[in-house]
Every structure is written in structure tokens, then in C-alpha cells.
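Heads up: the structure comes next, in C-alpha cells.
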Amino acid sequence: MIAIENLCKSYGKLKVLQQVSVSFGTGKVVSIIGPNGTGKTTMIKCILGMALPDSGDIKMNGASVLKQHAYRSQIGYMPQIGRYPENMKIRQVIEMVKDIRKDVKAIDEELVGLYGLEQMYDKRMGALSGGTKQKVSAALAFMFNPQVLILDEPTAGLDPISSEILKSKILKEKKNGKLILITSHIMSEVEEVADEVMCMMDGKLKFHETIAAIKKHTHEERLGRAIAKIMNEED
Amino acid sequence: MNKIIKYVLYDIIRNKIVLAYTVFLLVLSIGLFNLGGNPEKAVLSLLNLVLLTVPLISIVFATTHFYNSYEFMELLVAQPINRKKIFLSEYYGVAFSLSAAFLLGVGVPVLLFGASLTGLYLVLTGVFITFIFVAMAFLASVITRDKAKGIGVALLLWFYFALIYDGIVLFILHYFSDYPLEYASLALTALNPIDLGRINVLLNLDVSALMGYTGALYKSIFGSIWGISLSFGLMLLWVLFPVLSSKRIFSKRDL
């Protein structure tokens with residue numbers, strides 16, 4: 001579904017991504033993990049065309065996405081920190097995006113309902129708490145039935161109930177054959193929803209394996225320990 | 001693209017600044033037309049005020065608007081929309097709304113009190129100046145990510161074109177006054193859109209007779225249809241250059 005080939009990106013002297021090559025298939029939940037500042041968000045931004053890579057290629061269904069924009073109709077993106085026009089109301093933001101994406105007929109408003117966003121439709125985006133903004137971001141990401149969902153630390157600001165709602169939604173969409181990329185630091189959560197783990201370190205791909213395989217060759221029951229073991233082995 | 005322009009306009013209209021700008025221009029022009037009695041004099045005073053305030057307000061408003069729309073643009077960039085379209089929609093949205101304010105605030109009074117060819121040139125010049133300075137503001141905003149720096153660059157641009165440039169021209173004219181400078185000063189005029197606009201309007205007024213030999217040369221060049229189209233053509237270049245270069249920078253940078 002998505003193939004990244006030799007992706008390099010630097011901000012000035014800082015090399016954020018170095019020769020990252022990885023590919024993701026459909027119907028999977030892939031968790032992208034790694035220490036802070038290892039280029040997880042940068043990689044996501046490259047896939048979305050928000051950051052432009054220095055070299056390398058990103059392909060979606062075989063076609064390069066660089067300098068393209070139409071492919072983004074197949075991606076639902078939930079940013080780490082959702083930033084919205086402060087003086088727009090929730091209703092206006094949602095209706096604007098719907099208006100722009102008018103070509104999509106099947107609109108999925110399950111999360112809008114589950115999060116009770118309709119009751120808050122007349123609140124200004126600037127007055128919302130971080131968690132509520134996250135809920136709006138999540139609702140927008142899932143709204144247009146995209147083939148790929150990219151969720152950047154989706155549960156970081158959500159309360160436990162809302163996190164559960166999101167997790168069950170993720171699993172539901174996985175069953176519908178979608179590719180879901182999630183960055184996360186919470187290992188228990190990764191273990192719960194993900195099939196594969198992609199680990200990045202200092203801008204490089206460390207490993208990309210299924211959770212079962214990781215557990216098997218480290219002889220650990222818990223994913224957190226297994227990952228820690230791999231990290232320590234290298235040092 | 002029209003959809004995005006619609007949302008940009010919607011955002012600007014709710015912001016009361018453009019409304020205040022319209023009222024300010026309206027009061028200014030009606031006041032000037034009712035003060036002197038001679039409409040030609042009023043157009044001249046209006047010209048001087050317009051050439052000072054319109055660039056300033058256009059450039060400051062457009063710069064702050066650009067930085068304040070960052071979230072809006074971020075939201076749109078994740079959607080299947082071309083980045084260039086997002087940028088141009090922002091540009092058209094700001095330029096159209098400020099031009100509309102100008103047309104209402106200056107165009108309508110000119111039409112009511114001093115409808116003439118000179119008045120038409122004044123209005124046309126004002127609209128061009130608006131488009132040019134909004135374009136410069138966008139160029140200043142895409143160059144730097146820092147809002148304070150962006151506004152600083154924008155103000156500096158205004159300062160340069162509205163005040164410093166004339167000083168430089170005077171200095172050159174004075175220093176090289178032994179040489180024939182008619183064509184050189186003509187070229188210098190083309191390098192500043194505000195001067196270009198001023199000359200456009202001035203040469204259609206009687207005062208141009210007071211401008212000596214250079215004025216006569218200007219009159220012979222700018223007085224003709226050919227000259228007028230040349231100067232408006234130059235102003236169009238002044239719009240296109242910053243718009244196209246800032247669009248290029250915007251579509252090639254990280255958000």
C-alpha cells in the first residue's frame with residue numbers, strides 16, 4: 001500500500017531521516033515507535049506532503065506521491081497537536097472539510113456521535129481543551145473512509161473512555177482492510193491494537209517486524225520488555 | 001479553489017478590520033471632496049493620502065492575516081488540495097477584500113463627486129497598489145516563519161517604497177544633476193510601484209505643467225495611451241513577480 005524508499009530529510013544540519021526504507025500492507029495496524037525526536041512525525045509529514053524529503057521516494061499503490069495531492073483523498077490524518085482556526089466553531093470546521101471533500105459520498109460520522117461532538121458544535125475551536133481538539137481531529141480523520149489512516153499519538157490527550165472508543169474504532173477499520181499507522185509511546189496500547197511494530201532510532205529504521213516475531217525471538221511475554229531487550233542488545 | 005476563497009473571505013469579513021478600513025477611506029474621501037470645492041484638488045490630496053495609507057494597511061493586514069491563517073492552511077494541506085491553490089486562494093481572498101474596501105471607500109465618492117478620467121486612474125492605481133502590497137506581504141510572510149520578523153520585513157518594505165526610495169531618487173538626481181537624467185529617472189520610477197501610481201495620476205492633472213523638463217518628457221510618454229498601458233503593465237509585473245515567487249517558495253517548503 002505504502003512503500004518508502006531511501007527517504008532522507010534534514011532540517012539544516014540536523015539529519016532527521018537517513019535512508020529510511022519500509023513498506024506497509026493493507027489490513028494492518030502498524031505502530032511506529034522510537035525515542036522522542038527520531039523522525040517519526042517527520043516521516044508522517046513526508047507521507048502527507050507537509051514536509052518535502054531531500055531524497056528518496058514515497059509510493060502509494062505503486063505511484064510516487066511526491067509533488068502530488070490527489071492521493072491525499074485516500075489518507076485520513078490525525079495530527080499530534082491539532083491546530084485549528086481559533087475563531088471557527090466545531091460545526092464550521094467539520095462542515096468546511098465536508099464541503100471541500102464533497103466528492104466523498106459515504107461519510108462516516110460514528111466518532112462524531114460517540115464523542116458527543118454535536119452537543120459542542122457551537123463552541124469555538126480556540127476555547128476547546130486539548131482532548132476535545134483531539135476528538136475533533138479523530139472524527140475528521142475517520143470521516144471520509146480513507147484507505148490509510150495516519151494517527152500521530154492519538155491517545156496522548158484523550159481520557160480513558162475516549163481512548164477506548166478510538167481503539168475499538170481502529171480495530172473496526174482494520175477489519176475493513178485499511179492500513180493504519182500509529183505512533184505511540186505507550187507499549188501496552190501498541191500491544192493491544194498493533195500487528196506490526198516499526199522502530200526508529202536517530203532517523204534510521206531499527207526494525208520492522210510483527211509483534212509475534214518480536215516476542216518469539218526475544219523470549220519475552222510482554223512487548224515492552226521485548227523492545228527494551230532489543231534496544232539493550234545493541235548497546 | 002472558489003470554495004477555499006469563500007472560507008478565506010468569510011474569515012476576513014468577520015474580522016472587523018476591513019470594515020473599519022472601508023469606513024476610514026470613505027470618511028477621508030468624502031471629507032476631502034467637501035473641503036475644497038475643486039474636485040481636481042481633492043483628487044490630488046486624495047492621491048497623496050491613498051499612496052501613503054493603502055500600501056501600509058494592505059501590507060500590515062495581509063502579513064498578519066497570513067500568519068493567523070497558518071492553522072487554516074495546515075488543516076487544508078492534509079486534504080487532497082494542491083498547495084498552490086491554497087496559497088492563491090489566500091492571496092485572492094485578501095487582495096479582493098481589500099480592493100473591495102478601496103472601491104467602496106474611494107471609488108464610490110470619486111464617482112459621486114469627481115467622476116473624471118483622473119479619478120478613474122486614481123481608483124485603478126489604488127486597486128493595483130493593493131494587489132502589489134498584498135503580494136509583497138505574502139512574500140515577506142513565506143520567507144520567514146517568525147511572525148514578528150515577517151511583520152518587520154513587511155513594514156521595512158513599506159518604509160522603503162513609500163519613504164526611503166524617494167529620498168534615494170532625489171539624492172541621485174541631485175548628485176548627477178550635470179548629466180541628462182530624464183530617461184534614468186524614468187527607469188527609477190518603474191522600480192517603485194508607488195511612484196508609478198503617483199505619476200499615472202499626476203500627469204492627468206494640470207499640475208504636471210509645473211514639473212519642468214522631466215515633467216514634459218513624462219507627459220509626452222505617460223500622457224499617451226501607450227504610456228498609460230506601459231505603466232499599468234509595469235504595475236502588473238509588480239503584482240506578478242512577488243505573487244509567483246512567493247507561491248513558489250510556499251509550495252517548496254515544509255509546513
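Letters A, B, ... go to the chains of the C-alpha cells in the order shown; residues in each chain start at 1; ligands are counted from 1 in the same order.
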Would you kindly report the residues of chain B within 10 Å of chain A, using only C-alpha atoms, as a compact mmCIF listing (two decimals) with C-alpha atoms, in the first residue's frame?
```txt
# COMPACT_ATOMS: atom_id res chain seq x y z
CA MET B 1 -10.39 26.92 -5.38
CA LYS B 3 -14.57 27.14 -2.12
CA ILE B 4 -11.37 27.97 -0.32
CA TYR B 7 -13.79 30.45 3.51
CA ASP B 11 -12.86 34.70 7.88
CA ARG B 14 -15.89 38.52 10.40
CA ASN B 15 -12.73 40.34 11.26
CA ASN B 68 -3.07 33.99 11.57
CA SER B 69 -4.23 31.62 8.81
CA TYR B 70 -1.42 29.19 9.44
CA GLU B 71 -3.71 26.74 11.22
CA PHE B 72 -6.25 27.02 8.44
CA MET B 73 -3.59 26.25 5.83
CA GLU B 74 -2.25 23.35 7.91
CA LEU B 75 -5.73 21.89 8.04
CA LEU B 76 -6.12 22.18 4.27
CA VAL B 77 -2.68 20.82 3.42
CA ALA B 78 -3.66 17.40 4.80
CA GLN B 79 -6.64 17.39 2.42
CA PRO B 80 -6.37 16.48 -1.26
CA ILE B 81 -5.78 20.06 -2.36
CA ASN B 82 -2.87 21.46 -4.28
CA ARG B 83 -0.71 23.69 -2.10
CA SER B 251 4.93 25.14 -2.41
CA LYS B 252 8.54 24.10 -1.81
CA ARG B 253 8.83 24.49 1.90
CA ASP B 254 7.99 22.43 4.94
CA LEU B 255 4.90 23.30 6.88
```
Task: Surrounding residues of segment 21-35 of chain B excluding itself and chain neighbours under 5 positions, 7 Å, only C-alpha atoms, as a VMD selection string - done: chain B and resid 42 46 101 to 102 104 to 106 109 113
Include all heavy atoms and write out the residues we just selected as a PDB file, in the first residue's frame.
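Below is the file part.pdb, written as the result:
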```pdb
ATOM      1  N   ALA B  42      -9.101  67.955  -4.818  1.00  0.00           N
ATOM      2  CA  ALA B  42      -9.449  66.882  -3.879  1.00  0.00           C
ATOM      3  C   ALA B  42      -8.831  65.563  -4.337  1.00  0.00           C
ATOM      4  O   ALA B  42      -8.297  64.792  -3.531  1.00  0.00           O
ATOM      5  CB  ALA B  42     -10.964  66.744  -3.776  1.00  0.00           C
ATOM      6  N   LEU B  46      -6.269  63.415  -2.231  1.00  0.00           N
ATOM      7  CA  LEU B  46      -6.652  62.015  -2.004  1.00  0.00           C
ATOM      8  C   LEU B  46      -5.542  61.096  -2.488  1.00  0.00           C
ATOM      9  O   LEU B  46      -5.196  60.110  -1.824  1.00  0.00           O
ATOM     10  CB  LEU B  46      -7.951  61.734  -2.763  1.00  0.00           C
ATOM     11  CG  LEU B  46      -8.759  60.519  -2.334  1.00  0.00           C
ATOM     12  CD1 LEU B  46      -9.038  60.574  -0.851  1.00  0.00           C
ATOM     13  CD2 LEU B  46     -10.064  60.451  -3.104  1.00  0.00           C
ATOM     14  N   ALA B 101     -12.860  46.996  -0.333  1.00  0.00           N
ATOM     15  CA  ALA B 101     -12.913  48.084   0.646  1.00  0.00           C
ATOM     16  C   ALA B 101     -12.485  49.396  -0.005  1.00  0.00           C
ATOM     17  O   ALA B 101     -13.103  50.448   0.205  1.00  0.00           O
ATOM     18  CB  ALA B 101     -12.016  47.764   1.838  1.00  0.00           C
ATOM     19  N   PHE B 102     -11.444  49.322  -0.825  1.00  0.00           N
ATOM     20  CA  PHE B 102     -10.945  50.527  -1.501  1.00  0.00           C
ATOM     21  C   PHE B 102     -11.974  51.058  -2.497  1.00  0.00           C
ATOM     22  O   PHE B 102     -12.234  52.264  -2.562  1.00  0.00           O
ATOM     23  CB  PHE B 102      -9.623  50.222  -2.198  1.00  0.00           C
ATOM     24  CG  PHE B 102      -9.023  51.412  -2.886  1.00  0.00           C
ATOM     25  CD1 PHE B 102      -8.316  52.359  -2.170  1.00  0.00           C
ATOM     26  CD2 PHE B 102      -9.194  51.601  -4.246  1.00  0.00           C
ATOM     27  CE1 PHE B 102      -7.772  53.469  -2.789  1.00  0.00           C
ATOM     28  CE2 PHE B 102      -8.657  52.707  -4.881  1.00  0.00           C
ATOM     29  CZ  PHE B 102      -7.946  53.642  -4.150  1.00  0.00           C
ATOM     30  N   LEU B 104     -15.148  50.693  -2.436  1.00  0.00           N
ATOM     31  CA  LEU B 104     -16.272  51.279  -1.708  1.00  0.00           C
ATOM     32  C   LEU B 104     -15.877  52.604  -1.074  1.00  0.00           C
ATOM     33  O   LEU B 104     -16.605  53.583  -1.140  1.00  0.00           O
ATOM     34  CB  LEU B 104     -16.711  50.314  -0.597  1.00  0.00           C
ATOM     35  CG  LEU B 104     -17.920  49.438  -0.888  1.00  0.00           C
ATOM     36  CD1 LEU B 104     -18.147  48.485   0.265  1.00  0.00           C
ATOM     37  CD2 LEU B 104     -19.149  50.323  -1.080  1.00  0.00           C
ATOM     38  N   GLY B 105     -14.688  52.615  -0.482  1.00  0.00           N
ATOM     39  CA  GLY B 105     -14.266  53.782   0.292  1.00  0.00           C
ATOM     40  C   GLY B 105     -13.785  54.936  -0.560  1.00  0.00           C
ATOM     41  O   GLY B 105     -13.967  56.095  -0.193  1.00  0.00           O
ATOM     42  N   VAL B 106     -13.143  54.655  -1.676  1.00  0.00           N
ATOM     43  CA  VAL B 106     -12.617  55.733  -2.525  1.00  0.00           C
ATOM     44  C   VAL B 106     -13.342  55.782  -3.873  1.00  0.00           C
ATOM     45  O   VAL B 106     -13.703  56.862  -4.345  1.00  0.00           O
ATOM     46  CB  VAL B 106     -11.088  55.568  -2.737  1.00  0.00           C
ATOM     47  CG1 VAL B 106     -10.562  56.599  -3.705  1.00  0.00           C
ATOM     48  CG2 VAL B 106     -10.365  55.681  -1.404  1.00  0.00           C
ATOM     49  N   PRO B 109     -17.042  57.533  -3.667  1.00  0.00           N
ATOM     50  CA  PRO B 109     -17.001  59.007  -3.569  1.00  0.00           C
ATOM     51  C   PRO B 109     -16.437  59.672  -4.820  1.00  0.00           C
ATOM     52  O   PRO B 109     -16.947  60.708  -5.244  1.00  0.00           O
ATOM     53  CB  PRO B 109     -16.078  59.255  -2.362  1.00  0.00           C
ATOM     54  CG  PRO B 109     -16.121  58.024  -1.578  1.00  0.00           C
ATOM     55  CD  PRO B 109     -16.355  56.910  -2.523  1.00  0.00           C
ATOM     56  N   PHE B 113     -18.472  62.528  -6.630  1.00  0.00           N
ATOM     57  CA  PHE B 113     -18.085  63.934  -6.548  1.00  0.00           C
ATOM     58  C   PHE B 113     -17.109  64.375  -7.633  1.00  0.00           C
ATOM     59  O   PHE B 113     -17.032  65.536  -7.960  1.00  0.00           O
ATOM     60  CB  PHE B 113     -17.454  64.230  -5.174  1.00  0.00           C
ATOM     61  CG  PHE B 113     -18.367  63.963  -4.032  1.00  0.00           C
ATOM     62  CD1 PHE B 113     -18.135  62.901  -3.187  1.00  0.00           C
ATOM     63  CD2 PHE B 113     -19.479  64.767  -3.809  1.00  0.00           C
ATOM     64  CE1 PHE B 113     -18.979  62.641  -2.121  1.00  0.00           C
ATOM     65  CE2 PHE B 113     -20.328  64.516  -2.741  1.00  0.00           C
ATOM     66  CZ  PHE B 113     -20.079  63.449  -1.902  1.00  0.00           C
TER      67      PHE B 113
END
```
Open item on the list: Given only C-alpha atoms as the basis, pick out the residue of B:Leu237, B:Val123, B:Ala140, B:Ile172 nearest to Val50 of chain B.
Closed with: B:Val123
Within 12 Å of Glu109 of chain A, counting only C-alpha atoms, which residues show up once you throw out same-chain ones fewer than 2 positions away? Write them as a compact mmCIF listing (two decimals) with C-alpha atoms, in the first residue's frame, please.
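Final file, out-v5.txt:
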```txt
# COMPACT_ATOMS: atom_id res chain seq x y z
CA ILE A 94 -16.45 19.98 10.14
CA LYS A 98 -17.08 18.19 4.28
CA ALA A 106 -20.14 7.70 2.24
CA ILE A 107 -19.46 9.85 5.27
CA LEU A 111 -16.88 9.17 16.07
CA VAL A 112 -18.79 12.47 15.96
CA GLY A 113 -21.68 10.62 17.56
CA LEU A 114 -19.65 8.58 20.04
CA TYR A 115 -17.71 11.60 21.24
CA GLY A 116 -20.85 13.71 21.51
CA LEU A 117 -19.37 16.46 19.38
CA GLU A 118 -22.80 17.58 18.21
CA VAL A 136 -12.36 16.63 16.52
CA ALA A 138 -10.03 11.89 15.21
CA ALA A 139 -13.55 12.44 13.89
CA LEU A 140 -12.18 14.27 10.84
CA ALA A 141 -9.54 11.63 10.16
CA PHE A 142 -12.09 8.80 10.01
CA MET A 143 -14.87 10.79 8.34
CA PHE A 144 -14.17 10.15 4.66
CA ASN A 145 -13.48 6.41 4.70
CA LYS A 169 -12.70 2.19 16.03
```
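Proximity to Val20 of chain A was assessed for A:Gly224, A:Gly39, A:Pro146, A:Gly131 counting only C-alpha atoms; the smallest distance is recorded for A:Gly39.
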Task: Counting only C-alpha atoms, the option among A:Leu158, A:Leu205, A:Met43, A:Val30 closest to Val190 of chain A - done: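 Of the candidates, the smallest distance to Val190 of chain A is held by A:Val30.
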TODO: Could you give me, as a VMD selection string, the residues within 10 Å of Arg198 of chain B, counting only C-alpha atoms and dropping anything in the same chain fewer than 2 positions from it?
DONE: chain B and resid 44 47 to 48 50 to 51 121 to 122 125 to 126 189 193 to 196 200 to 203
Just-selected residues, C-alpha atoms written as a tab-separated table (two decimals), in the first residue's frame:
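Output saved as again.tsv:
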```tsv
chain	number	residue	atom	x	y	z
B	44	LEU	CA	-4.71	65.31	-5.75
B	47	LEU	CA	-3.88	60.62	-4.19
B	48	ASN	CA	-1.20	61.59	-1.69
B	50	VAL	CA	-4.03	56.96	-0.70
B	51	LEU	CA	-0.44	56.35	-1.76
B	121	TYR	CA	-6.80	56.41	-12.84
B	122	LEU	CA	-6.73	57.11	-9.11
B	125	THR	CA	-3.93	52.81	-9.22
B	126	GLY	CA	-5.31	52.17	-5.74
B	189	THR	CA	10.19	55.39	-11.46
B	193	PRO	CA	5.11	50.93	-7.81
B	194	ILE	CA	4.06	53.83	-5.60
B	195	ASP	CA	5.90	56.34	-7.80
B	196	LEU	CA	4.47	54.67	-10.85
B	200	ASN	CA	-0.01	57.91	-13.57
B	201	VAL	CA	-2.47	60.16	-11.82
B	202	LEU	CA	-0.40	63.36	-11.67
B	203	LEU	CA	0.16	63.53	-15.40
```
Open item on the list: Considering only C-alpha atoms, can you say which of B:Leu205, B:Leu98, B:Ile249, B:Leu9 comes closest to Ile129 of chain B?
Closed with: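 Closest residue, counting only C-alpha atoms: B:Leu98.
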TODO: Please identify all polymer residues within 9 Å of Gln19 of chain A, counting only C-alpha atoms, omitting same-chain residues fewer than 6 positions from it, and present them as a list in words.
DONE: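 With the cut-off at 9 Å, the set is Glu5, Asn6, Leu7, Cys8, Lys9, Ser55, Gly56, Gly203, Lys204 and Leu205 of chain A.
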Task: helix (DSSP H, G or I) residues, from DSSP on the backbone, in segment 190-224 of chain A, as a ChimeraX atom specification - done: /A:190-193,211-218,223-224
Contact residues around Ile151 of chain B with only C-alpha atoms at 8 Å, ignoring same-chain residues under 6 positions, as a short mmCIF file (atom, residue, chain, number, x, y, z; two decimals) with C-alpha atoms, in the first residue's frame:
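Result file follows (around-v2.cif):
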```
data_model
loop_
_atom_site.label_atom_id
_atom_site.label_comp_id
_atom_site.auth_asym_id
_atom_site.auth_seq_id
_atom_site.Cartn_x
_atom_site.Cartn_y
_atom_site.Cartn_z
CA VAL B 60 0.34 45.01 7.50
CA THR B 63 1.03 39.84 6.75
CA THR B 64 -0.89 39.40 9.99
CA ALA B 140 7.61 38.62 3.41
CA SER B 141 5.48 36.01 5.22
#
```
